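> See structure03.csv below, with CSV, N, CA and C atoms.
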chain,number,residue,atom,x,y,z
A,1,MET,N,-39.0,-18.0,138.9
A,1,MET,CA,-38.8,-19.4,138.4
A,1,MET,C,-37.4,-19.6,137.8
A,2,SER,N,-36.8,-20.6,138.2
A,2,SER,CA,-35.4,-20.9,137.7
A,2,SER,C,-35.4,-21.7,136.4
A,3,LEU,N,-34.5,-21.3,135.5
A,3,LEU,CA,-34.4,-22.0,134.3
A,3,LEU,C,-33.8,-23.4,134.5
A,4,SER,N,-34.3,-24.4,133.7
A,4,SER,CA,-33.7,-25.7,133.8
A,4,SER,C,-33.8,-26.4,132.5
A,5,ILE,N,-33.1,-27.5,132.3
A,5,ILE,CA,-33.2,-28.4,131.2
A,5,ILE,C,-34.3,-29.4,131.5
A,6,LEU,N,-35.4,-29.4,130.7
A,6,LEU,CA,-36.5,-30.3,131.0
A,6,LEU,C,-36.2,-31.7,130.4
A,7,ALA,N,-35.7,-31.7,129.2
A,7,ALA,CA,-35.5,-33.0,128.4
A,7,ALA,C,-34.3,-33.0,127.6
A,8,GLU,N,-33.8,-34.2,127.3
A,8,GLU,CA,-32.7,-34.4,126.4
A,8,GLU,C,-32.9,-35.6,125.6
A,9,THR,N,-32.9,-35.4,124.3
A,9,THR,CA,-33.2,-36.6,123.4
A,9,THR,C,-32.1,-36.5,122.3
A,10,PRO,N,-31.9,-37.6,121.5
A,10,PRO,CA,-31.1,-37.6,120.4
A,10,PRO,C,-31.6,-36.6,119.3
A,11,ALA,N,-30.7,-35.8,118.7
A,11,ALA,CA,-31.1,-34.9,117.7
A,11,ALA,C,-31.1,-35.6,116.4
A,12,ASP,N,-32.2,-35.5,115.6
A,12,ASP,CA,-32.2,-36.0,114.3
A,12,ASP,C,-31.5,-35.0,113.3
A,13,TYR,N,-31.1,-35.5,112.2
A,13,TYR,CA,-30.4,-34.8,111.2
A,13,TYR,C,-31.1,-33.5,110.8
A,14,GLU,N,-32.4,-33.6,110.5
A,14,GLU,CA,-33.2,-32.5,110.0
A,14,GLU,C,-33.3,-31.4,111.1
A,15,GLU,N,-33.6,-31.7,112.3
A,15,GLU,CA,-33.7,-30.7,113.4
A,15,GLU,C,-32.3,-30.1,113.6
A,16,TRP,N,-31.3,-30.9,113.7
A,16,TRP,CA,-29.9,-30.3,113.9
A,16,TRP,C,-29.6,-29.4,112.8
A,17,ASP,N,-29.8,-29.8,111.5
A,17,ASP,CA,-29.6,-28.9,110.4
A,17,ASP,C,-30.3,-27.6,110.4
A,18,ALA,N,-31.6,-27.7,110.7
A,18,ALA,CA,-32.5,-26.5,110.8
A,18,ALA,C,-32.0,-25.5,111.8
A,19,ARG,N,-31.6,-26.1,113.0
A,19,ARG,CA,-31.1,-25.2,114.1
A,19,ARG,C,-29.7,-24.6,113.7
A,20,ALA,N,-28.9,-25.4,113.1
A,20,ALA,CA,-27.6,-24.8,112.7
A,20,ALA,C,-27.7,-23.7,111.6
A,21,LYS,N,-28.6,-23.9,110.7
A,21,LYS,CA,-28.9,-22.8,109.7
A,21,LYS,C,-29.5,-21.6,110.3
A,22,ALA,N,-30.3,-21.8,111.3
A,22,ALA,CA,-31.0,-20.6,111.9
A,22,ALA,C,-30.1,-19.9,112.9
A,23,ASP,N,-29.0,-20.4,113.4
A,23,ASP,CA,-28.2,-19.8,114.4
A,23,ASP,C,-27.1,-18.9,113.7
A,24,ARG,N,-27.2,-17.7,114.0
A,24,ARG,CA,-26.3,-16.7,113.4
A,24,ARG,C,-24.9,-16.8,113.8
A,25,SER,N,-24.6,-17.5,114.9
A,25,SER,CA,-23.2,-17.7,115.3
A,25,SER,C,-22.6,-19.0,114.9
A,26,ALA,N,-23.4,-19.9,114.3
A,26,ALA,CA,-22.9,-21.2,113.9
A,26,ALA,C,-22.1,-21.1,112.6
A,27,THR,N,-21.1,-22.0,112.5
A,27,THR,CA,-20.3,-22.2,111.4
A,27,THR,C,-20.6,-23.5,110.7
A,28,PHE,N,-20.0,-23.8,109.6
A,28,PHE,CA,-20.2,-25.1,108.9
A,28,PHE,C,-19.9,-26.3,109.9
A,29,PHE,N,-18.9,-26.1,110.7
A,29,PHE,CA,-18.5,-27.1,111.6
A,29,PHE,C,-19.4,-27.4,112.8
A,30,HIS,N,-20.5,-26.7,112.9
A,30,HIS,CA,-21.6,-27.0,113.8
A,30,HIS,C,-22.7,-27.8,113.2
A,31,SER,N,-22.6,-28.0,111.9
A,31,SER,CA,-23.6,-28.7,111.1
A,31,SER,C,-23.6,-30.2,111.2
A,32,PRO,N,-24.7,-30.9,111.1
A,32,PRO,CA,-24.7,-32.3,111.1
A,32,PRO,C,-24.0,-32.9,109.8
A,33,LEU,N,-24.0,-32.1,108.8
A,33,LEU,CA,-23.2,-32.5,107.6
A,33,LEU,C,-21.8,-32.7,107.9
A,34,TRP,N,-21.2,-31.8,108.6
A,34,TRP,CA,-19.8,-31.9,109.0
A,34,TRP,C,-19.6,-33.1,109.9
A,35,ALA,N,-20.5,-33.3,110.8
A,35,ALA,CA,-20.3,-34.5,111.7
A,35,ALA,C,-20.4,-35.8,110.9
A,36,ARG,N,-21.3,-35.8,109.9
A,36,ARG,CA,-21.5,-37.0,109.1
A,36,ARG,C,-20.2,-37.2,108.2
A,37,LEU,N,-19.7,-36.1,107.6
A,37,LEU,CA,-18.5,-36.2,106.8
A,37,LEU,C,-17.3,-36.7,107.6
A,38,TYR,N,-17.2,-36.1,108.8
A,38,TYR,CA,-16.0,-36.6,109.6
A,38,TYR,C,-16.2,-38.0,110.0
A,39,SER,N,-17.4,-38.4,110.3
A,39,SER,CA,-17.6,-39.8,110.6
A,39,SER,C,-17.2,-40.8,109.5
A,40,GLU,N,-17.5,-40.4,108.2
A,40,GLU,CA,-17.1,-41.2,107.1
A,40,GLU,C,-15.6,-41.2,106.9
A,41,TYR,N,-15.0,-40.0,107.1
A,41,TYR,CA,-13.5,-39.8,107.0
A,41,TYR,C,-12.8,-40.7,108.0
A,42,SER,N,-13.4,-40.7,109.2
A,42,SER,CA,-12.7,-41.5,110.3
A,42,SER,C,-13.0,-43.0,110.3
A,43,GLY,N,-13.7,-43.4,109.2
A,43,GLY,CA,-14.0,-44.8,109.1
A,43,GLY,C,-15.0,-45.2,110.2
A,44,THR,N,-15.9,-44.3,110.5
A,44,THR,CA,-17.0,-44.4,111.4
A,44,THR,C,-16.5,-44.7,112.8
A,45,SER,N,-15.3,-44.4,113.2
A,45,SER,CA,-14.9,-44.6,114.6
A,45,SER,C,-15.4,-43.5,115.4
A,46,MET,N,-15.8,-42.4,114.8
A,46,MET,CA,-16.4,-41.3,115.5
A,46,MET,C,-17.8,-41.0,114.8
A,47,LYS,N,-18.9,-41.1,115.6
A,47,LYS,CA,-20.2,-41.0,115.0
A,47,LYS,C,-20.9,-39.7,115.5
A,48,PRO,N,-21.8,-39.1,114.6
A,48,PRO,CA,-22.6,-38.0,115.1
A,48,PRO,C,-23.4,-38.4,116.3
A,49,ASP,N,-23.5,-37.5,117.3
A,49,ASP,CA,-24.3,-37.9,118.5
A,49,ASP,C,-24.9,-36.6,119.1
A,50,GLY,N,-25.5,-35.7,118.2
A,50,GLY,CA,-26.1,-34.5,118.7
A,50,GLY,C,-27.2,-34.7,119.7
A,51,ARG,N,-27.4,-33.8,120.6
A,51,ARG,CA,-28.4,-33.9,121.6
A,51,ARG,C,-29.3,-32.7,121.6
A,52,LEU,N,-30.6,-33.0,121.5
A,52,LEU,CA,-31.6,-31.9,121.6
A,52,LEU,C,-32.0,-31.7,123.0
A,53,LEU,N,-31.8,-30.4,123.5
A,53,LEU,CA,-32.2,-30.1,124.9
A,53,LEU,C,-33.3,-29.1,124.8
A,54,THR,N,-34.3,-29.4,125.7
A,54,THR,CA,-35.5,-28.5,125.8
A,54,THR,C,-35.5,-27.8,127.2
A,55,PHE,N,-35.6,-26.5,127.2
A,55,PHE,CA,-35.5,-25.8,128.4
A,55,PHE,C,-36.9,-25.5,129.0
A,56,SER,N,-37.0,-25.2,130.3
A,56,SER,CA,-38.2,-25.0,130.9
A,56,SER,C,-39.0,-23.8,130.4
A,57,ASP,N,-38.3,-22.9,129.7
A,57,ASP,CA,-39.0,-21.7,129.0
A,57,ASP,C,-39.4,-22.0,127.6
A,58,GLY,N,-39.2,-23.3,127.2
A,58,GLY,CA,-39.7,-23.7,125.8
A,58,GLY,C,-38.6,-23.5,124.7
A,59,LYS,N,-37.5,-22.9,125.1
A,59,LYS,CA,-36.4,-22.8,124.1
A,59,LYS,C,-35.7,-24.1,123.9
A,60,ILE,N,-35.1,-24.3,122.7
A,60,ILE,CA,-34.4,-25.5,122.3
A,60,ILE,C,-33.0,-25.2,121.8
A,61,ALA,N,-32.1,-26.1,122.2
A,61,ALA,CA,-30.7,-26.0,121.6
A,61,ALA,C,-30.3,-27.4,121.4
A,62,ILE,N,-29.3,-27.5,120.4
A,62,ILE,CA,-28.7,-28.8,120.1
A,62,ILE,C,-27.3,-28.8,120.5
A,63,LEU,N,-26.8,-29.7,121.3
A,63,LEU,CA,-25.4,-29.9,121.6
A,63,LEU,C,-24.8,-30.5,120.4
A,64,VAL,N,-23.8,-29.9,119.9
A,64,VAL,CA,-23.1,-30.5,118.7
A,64,VAL,C,-22.0,-31.5,119.2
A,65,LEU,N,-22.3,-32.7,118.9
A,65,LEU,CA,-21.4,-33.8,119.4
A,65,LEU,C,-21.1,-34.9,118.4
A,66,CYS,N,-19.9,-35.4,118.5
A,66,CYS,CA,-19.6,-36.7,117.9
A,66,CYS,C,-19.0,-37.6,119.0
A,67,ARG,N,-19.3,-38.9,118.9
A,67,ARG,CA,-18.9,-39.8,120.0
A,67,ARG,C,-18.1,-40.9,119.4
A,68,ARG,N,-17.0,-41.3,120.2
A,68,ARG,CA,-16.2,-42.4,119.8
A,68,ARG,C,-16.2,-43.4,121.0
A,69,ASN,N,-16.5,-44.6,120.6
A,69,ASN,CA,-16.5,-45.7,121.6
A,69,ASN,C,-15.1,-46.2,121.7
A,70,ILE,N,-14.7,-46.4,123.0
A,70,ILE,CA,-13.3,-46.9,123.3
A,70,ILE,C,-13.5,-48.3,123.9
A,71,LEU,N,-13.0,-49.3,123.2
A,71,LEU,CA,-13.0,-50.7,123.6
A,71,LEU,C,-14.5,-51.2,124.0
A,72,GLY,N,-15.5,-50.5,123.4
A,72,GLY,CA,-16.8,-50.9,123.6
A,72,GLY,C,-17.4,-50.6,125.0
A,73,VAL,N,-16.6,-49.9,125.8
A,73,VAL,CA,-17.0,-49.7,127.2
A,73,VAL,C,-17.0,-48.2,127.5
A,74,LEU,N,-16.0,-47.5,127.1
A,74,LEU,CA,-15.9,-46.0,127.4
A,74,LEU,C,-16.3,-45.2,126.1
A,75,SER,N,-16.6,-44.0,126.4
A,75,SER,CA,-16.9,-43.0,125.3
A,75,SER,C,-16.1,-41.8,125.4
A,76,SER,N,-15.7,-41.2,124.3
A,76,SER,CA,-15.1,-39.9,124.3
A,76,SER,C,-15.9,-39.1,123.3
A,77,TYR,N,-15.9,-37.8,123.5
A,77,TYR,CA,-16.8,-36.9,122.7
A,77,TYR,C,-15.9,-35.7,122.2
A,78,ALA,N,-16.3,-35.3,121.0
A,78,ALA,CA,-15.8,-34.0,120.5
A,78,ALA,C,-17.0,-33.2,120.1
A,79,SER,N,-16.9,-32.0,120.5
A,79,SER,CA,-18.0,-31.0,120.1
A,79,SER,C,-17.4,-30.3,118.9
A,80,SER,N,-17.6,-31.0,117.8
A,80,SER,CA,-17.1,-30.6,116.4
A,80,SER,C,-15.7,-31.2,116.3
A,81,PRO,N,-15.5,-32.3,115.7
A,81,PRO,CA,-14.2,-32.9,115.6
A,81,PRO,C,-13.2,-32.1,114.8
A,82,ALA,N,-11.9,-32.5,114.9
A,82,ALA,CA,-10.8,-31.9,114.1
A,82,ALA,C,-10.5,-30.5,114.6
A,83,GLY,N,-10.8,-30.2,115.8
A,83,GLY,CA,-10.4,-28.9,116.4
A,83,GLY,C,-11.2,-27.7,116.0
A,84,ASN,N,-12.4,-27.9,115.5
A,84,ASN,CA,-13.2,-26.8,115.0
A,84,ASN,C,-14.1,-26.3,116.2
A,85,PHE,N,-14.7,-25.2,116.0
A,85,PHE,CA,-15.6,-24.6,117.0
A,85,PHE,C,-16.8,-25.5,117.2
A,86,GLY,N,-17.2,-25.7,118.4
A,86,GLY,CA,-18.3,-26.6,118.8
A,86,GLY,C,-19.2,-25.9,119.7
A,87,GLY,N,-19.9,-26.7,120.5
A,87,GLY,CA,-20.8,-26.1,121.5
A,87,GLY,C,-22.3,-26.5,121.2
A,88,TRP,N,-23.1,-25.5,120.8
A,88,TRP,CA,-24.5,-25.7,120.5
A,88,TRP,C,-25.0,-24.9,119.4
A,89,VAL,N,-26.1,-25.2,118.9
A,89,VAL,CA,-26.8,-24.4,117.9
A,89,VAL,C,-28.3,-24.3,118.3
A,90,THR,N,-28.9,-23.2,117.9
A,90,THR,CA,-30.3,-22.9,118.2
A,90,THR,C,-30.8,-21.8,117.3
A,91,GLY,N,-32.1,-21.8,117.1
A,91,GLY,CA,-32.7,-20.7,116.4
A,91,GLY,C,-33.3,-19.7,117.3
A,92,ASP,N,-33.2,-20.0,118.6
A,92,ASP,CA,-33.8,-19.2,119.7
A,92,ASP,C,-32.8,-18.2,120.2
A,93,VAL,N,-33.2,-17.1,120.8
A,93,VAL,CA,-32.3,-16.2,121.5
A,93,VAL,C,-32.1,-16.8,122.9
A,94,LEU,N,-30.8,-17.1,123.2
A,94,LEU,CA,-30.5,-17.6,124.5
A,94,LEU,C,-29.9,-16.6,125.4
A,95,THR,N,-30.0,-16.8,126.7
A,95,THR,CA,-29.4,-15.9,127.7
A,95,THR,C,-28.1,-16.6,128.2
A,96,GLU,N,-27.5,-15.8,129.1
A,96,GLU,CA,-26.3,-16.3,129.7
A,96,GLU,C,-26.6,-17.6,130.6
A,97,GLU,N,-27.8,-17.5,131.2
A,97,GLU,CA,-28.3,-18.7,132.0
A,97,GLU,C,-28.4,-19.9,131.1
A,98,HIS,N,-29.0,-19.8,129.9
A,98,HIS,CA,-29.1,-20.9,129.0
A,98,HIS,C,-27.7,-21.5,128.7
A,99,ALA,N,-26.8,-20.5,128.4
A,99,ALA,CA,-25.4,-20.9,128.1
A,99,ALA,C,-24.7,-21.7,129.2
A,100,ARG,N,-24.9,-21.2,130.5
A,100,ARG,CA,-24.4,-21.9,131.6
A,100,ARG,C,-24.9,-23.3,131.7
A,101,LEU,N,-26.2,-23.5,131.5
A,101,LEU,CA,-26.8,-24.9,131.6
A,101,LEU,C,-26.2,-25.7,130.5
A,102,LEU,N,-26.1,-25.2,129.3
A,102,LEU,CA,-25.5,-25.9,128.1
A,102,LEU,C,-24.1,-26.3,128.4
A,103,ALA,N,-23.3,-25.4,128.8
A,103,ALA,CA,-21.9,-25.6,129.1
A,103,ALA,C,-21.7,-26.7,130.2
A,104,GLY,N,-22.6,-26.6,131.2
A,104,GLY,CA,-22.5,-27.6,132.3
A,104,GLY,C,-22.9,-29.0,131.8
A,105,ARG,N,-23.9,-29.0,130.9
A,105,ARG,CA,-24.3,-30.4,130.4
A,105,ARG,C,-23.2,-30.9,129.5
A,106,LEU,N,-22.6,-30.1,128.7
A,106,LEU,CA,-21.5,-30.5,127.8
A,106,LEU,C,-20.3,-31.0,128.7
A,107,LEU,N,-19.9,-30.3,129.7
A,107,LEU,CA,-18.8,-30.7,130.5
A,107,LEU,C,-19.1,-32.0,131.4
A,108,ARG,N,-20.3,-32.2,131.7
A,108,ARG,CA,-20.7,-33.4,132.5
A,108,ARG,C,-20.5,-34.7,131.6
A,109,LEU,N,-20.3,-34.6,130.3
A,109,LEU,CA,-20.0,-35.7,129.5
A,109,LEU,C,-18.7,-36.4,130.0
A,110,GLY,N,-17.8,-35.6,130.6
A,110,GLY,CA,-16.6,-36.1,131.1
A,110,GLY,C,-15.4,-36.0,130.1
A,111,ASN,N,-15.3,-37.0,129.3
A,111,ASN,CA,-14.2,-37.1,128.3
A,111,ASN,C,-14.6,-36.3,127.1
A,112,VAL,N,-14.5,-35.0,127.1
A,112,VAL,CA,-15.0,-34.2,125.9
A,112,VAL,C,-14.0,-33.2,125.5
A,113,VAL,N,-13.9,-33.0,124.2
A,113,VAL,CA,-13.0,-31.9,123.7
A,113,VAL,C,-14.0,-30.8,123.1
A,114,TRP,N,-13.9,-29.6,123.6
A,114,TRP,CA,-14.8,-28.5,123.2
A,114,TRP,C,-14.0,-27.3,122.9
A,115,ARG,N,-14.0,-26.9,121.7
A,115,ARG,CA,-13.4,-25.6,121.3
A,115,ARG,C,-14.5,-24.6,121.2
A,116,GLU,N,-14.5,-23.7,122.2
A,116,GLU,CA,-15.6,-22.7,122.3
A,116,GLU,C,-15.8,-21.9,121.0
A,117,ASN,N,-17.0,-21.6,120.7
A,117,ASN,CA,-17.4,-20.8,119.5
A,117,ASN,C,-17.2,-19.3,119.9
A,118,PRO,N,-16.2,-18.6,119.3
A,118,PRO,CA,-16.0,-17.2,119.6
A,118,PRO,C,-17.1,-16.3,119.1
A,119,TYR,N,-17.9,-16.8,118.2
A,119,TYR,CA,-19.0,-16.0,117.7
A,119,TYR,C,-20.3,-16.0,118.5
A,120,ASP,N,-20.3,-16.9,119.5
A,120,ASP,CA,-21.5,-17.0,120.4
A,120,ASP,C,-21.5,-15.9,121.4
A,121,PRO,N,-22.5,-15.0,121.3
A,121,PRO,CA,-22.4,-13.8,122.3
A,121,PRO,C,-22.6,-14.2,123.7
A,122,CYS,N,-23.3,-15.4,124.0
A,122,CYS,CA,-23.5,-15.8,125.4
A,122,CYS,C,-22.2,-16.2,126.1
A,123,LEU,N,-21.3,-16.7,125.3
A,123,LEU,CA,-20.1,-17.2,125.9
A,123,LEU,C,-19.1,-16.1,126.4
A,124,ARG,N,-19.3,-15.0,125.9
A,124,ARG,CA,-18.4,-13.9,126.3
A,124,ARG,C,-18.5,-13.6,127.8
A,125,HIS,N,-19.6,-13.9,128.4
A,125,HIS,CA,-19.8,-13.6,129.8
A,125,HIS,C,-19.6,-14.8,130.8
A,126,LEU,N,-19.3,-16.0,130.2
A,126,LEU,CA,-19.1,-17.1,131.1
A,126,LEU,C,-17.6,-17.3,131.5
If you took the structure in this file and wrote it as structure tokens, what would it be?

Amino acid sequence: MSLSILAETPADYEEWDARAKADRSATFFHSPLWARLYSEYSGTSMKPDGRLLTFSDGKIAILVLCRRNILGVLSSYASSPAGNFGGWVTGDVLTEEHARLLAGRLLRLGNVVWRENPYDPCLRHL
């Protein structure tokens, strides 16, 4: 059976926070608090927009994202604004296949800035 992403929904603050705290490779800049603080600092031009992804094996990860609307028509994303490590957070043990799916989903956003997390063991093989 091939691994796939079954569902994607907006991540609420509590779930994002719990996953960030449970993830041993996460930094403060992966947290929803950082996204919220940066949003306030930016005058809300960039808003937290984390996404909860559920995999076919039952594991869950949250894409760490902030979104900026451009002229009300286009969007740009930062996976952790201000040049900090981004990507995803999870309390589950992920494989390289999970990481490939997550990276692919992140990159399909199009206009995204993603500074890879050097502490994520799955990224070492991608």
> Give me the residues near A:Asp23 as an MDAnalysis selection string, where near means some atom within 6 Å (using all atoms listed in the file) and where sequence neighbours in that chain fewer than 5 positions away do not count.
chainID A and resid 89:91
> Go through A:Arg68, A:His30, A:Lys47, A:Arg100 and flag the residue nearest A:Leu126, using all atoms listed in the file for the distances.
A:Arg100
> Which residue gives the smallest distance to A:Glu96 among A:Arg36, A:Lys21, A:Arg115, A:His125, with only C-alpha atoms counted?
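Between A:Arg36, A:Lys21, A:Arg115, A:His125, the residue approaching A:Glu96 most closely is A:His125.
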> Which of these, A:Leu53, A:Ala103, A:Leu3, A:Val64, has the shortest distance to A:Ser31 once you count only N, CA and C atoms?
A:Val64
> When you look at A:Tyr38 with a cut-off of 8 Å (counting all atoms listed in the file), what residues show up, excluding the ones that are within fewer than 5 positions of it in the same chain? I need them as a ChimeraX atom specification.
/A:32-33,43-48,81-82
> When you look at A:Trp114 with a cut-off of 6 Å (counting all atoms listed in the file), what residues show up, excluding the ones that are within fewer than 4 positions of it in the same chain? I need them as a ChimeraX atom specification.
/A:78-79,86
> Can I get the selected residues back with N, CA and C atoms, as a PDB file, in the frame of the given file?

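See again26.pdb below for the written result:
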ATOM      1  N   ALA A  78     -16.300 -35.300 121.000  1.00  0.00           N
ATOM      2  CA  ALA A  78     -15.800 -34.000 120.500  1.00  0.00           C
ATOM      3  C   ALA A  78     -17.000 -33.200 120.100  1.00  0.00           C
ATOM      4  N   SER A  79     -16.900 -32.000 120.500  1.00  0.00           N
ATOM      5  CA  SER A  79     -18.000 -31.000 120.100  1.00  0.00           C
ATOM      6  C   SER A  79     -17.400 -30.300 118.900  1.00  0.00           C
ATOM      7  N   GLY A  86     -17.200 -25.700 118.400  1.00  0.00           N
ATOM      8  CA  GLY A  86     -18.300 -26.600 118.800  1.00  0.00           C
ATOM      9  C   GLY A  86     -19.200 -25.900 119.700  1.00  0.00           C
TER      10      GLY A  86
END
> Between atom N of A:Gly50 and atom C of A:Cys66, what is the spacing in Å?
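Those two atoms sit 6.8 Å apart.
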> Between A:Leu52, A:Lys59, A:Ala26, A:Trp34, which is the closest to A:Pro10 once you count only N, CA and C atoms?
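Nearest to A:Pro10: A:Leu52.
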> Per DSSP on the backbone, filter chain A down to the residues in helix (DSSP H, G or I) and report them as a ChimeraX atom specification.
/A:13-22,28-30,32-41,96-107,121-125
> What does the distance from atom N of A:Val93 to atom CA of A:Arg67 come to in Å, to one decimal?
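It comes out at 26.8 Å.
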> Could you tell me how far atom C of A:Leu65 sits from atom CA of A:Asn111, in Å to one decimal place?
12.3 Å
> For each of A:Asn117, A:Leu63, A:Ser2, A:Ala22, take the minimum atom-to-atom distance to A:Leu102, counting only N, CA and C atoms, then give the residue where this is smallest.
A:Leu63
> So, counting all atoms listed in the file, which residue among A:Leu94, A:Ile70, A:Leu6, A:Ala35 is closest to A:Phe55?
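When distances to A:Phe55 are compared using all atoms listed in the file, the smallest one comes from A:Leu6.
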> From chain A, collect each residue whose DSSP state is strand (DSSP E) and return the set as a PyMOL selection string.
chain A and resi 5-10+46-48+51-55+60-64+66-70+74-79+87-89+112-114
> Using only C-alpha atoms, which protein or nucleic acid residues come within 9 Å of A:Pro118? Drop anything in the same chain fewer than 5 positions from it, and give the result as a list in words.
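Near A:Pro118, the qualifying residues are Ser25, Phe85, Leu123 and Arg124 of chain A.
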> Determine, counting only C-alpha atoms, which protein, DNA and RNA residues have an atom within 9 Å of an atom of A:Asp57; residues of the same chain fewer than 3 positions away are not included. Present the result as a PyMOL selection string.
chain A and resi 3-4+54+60
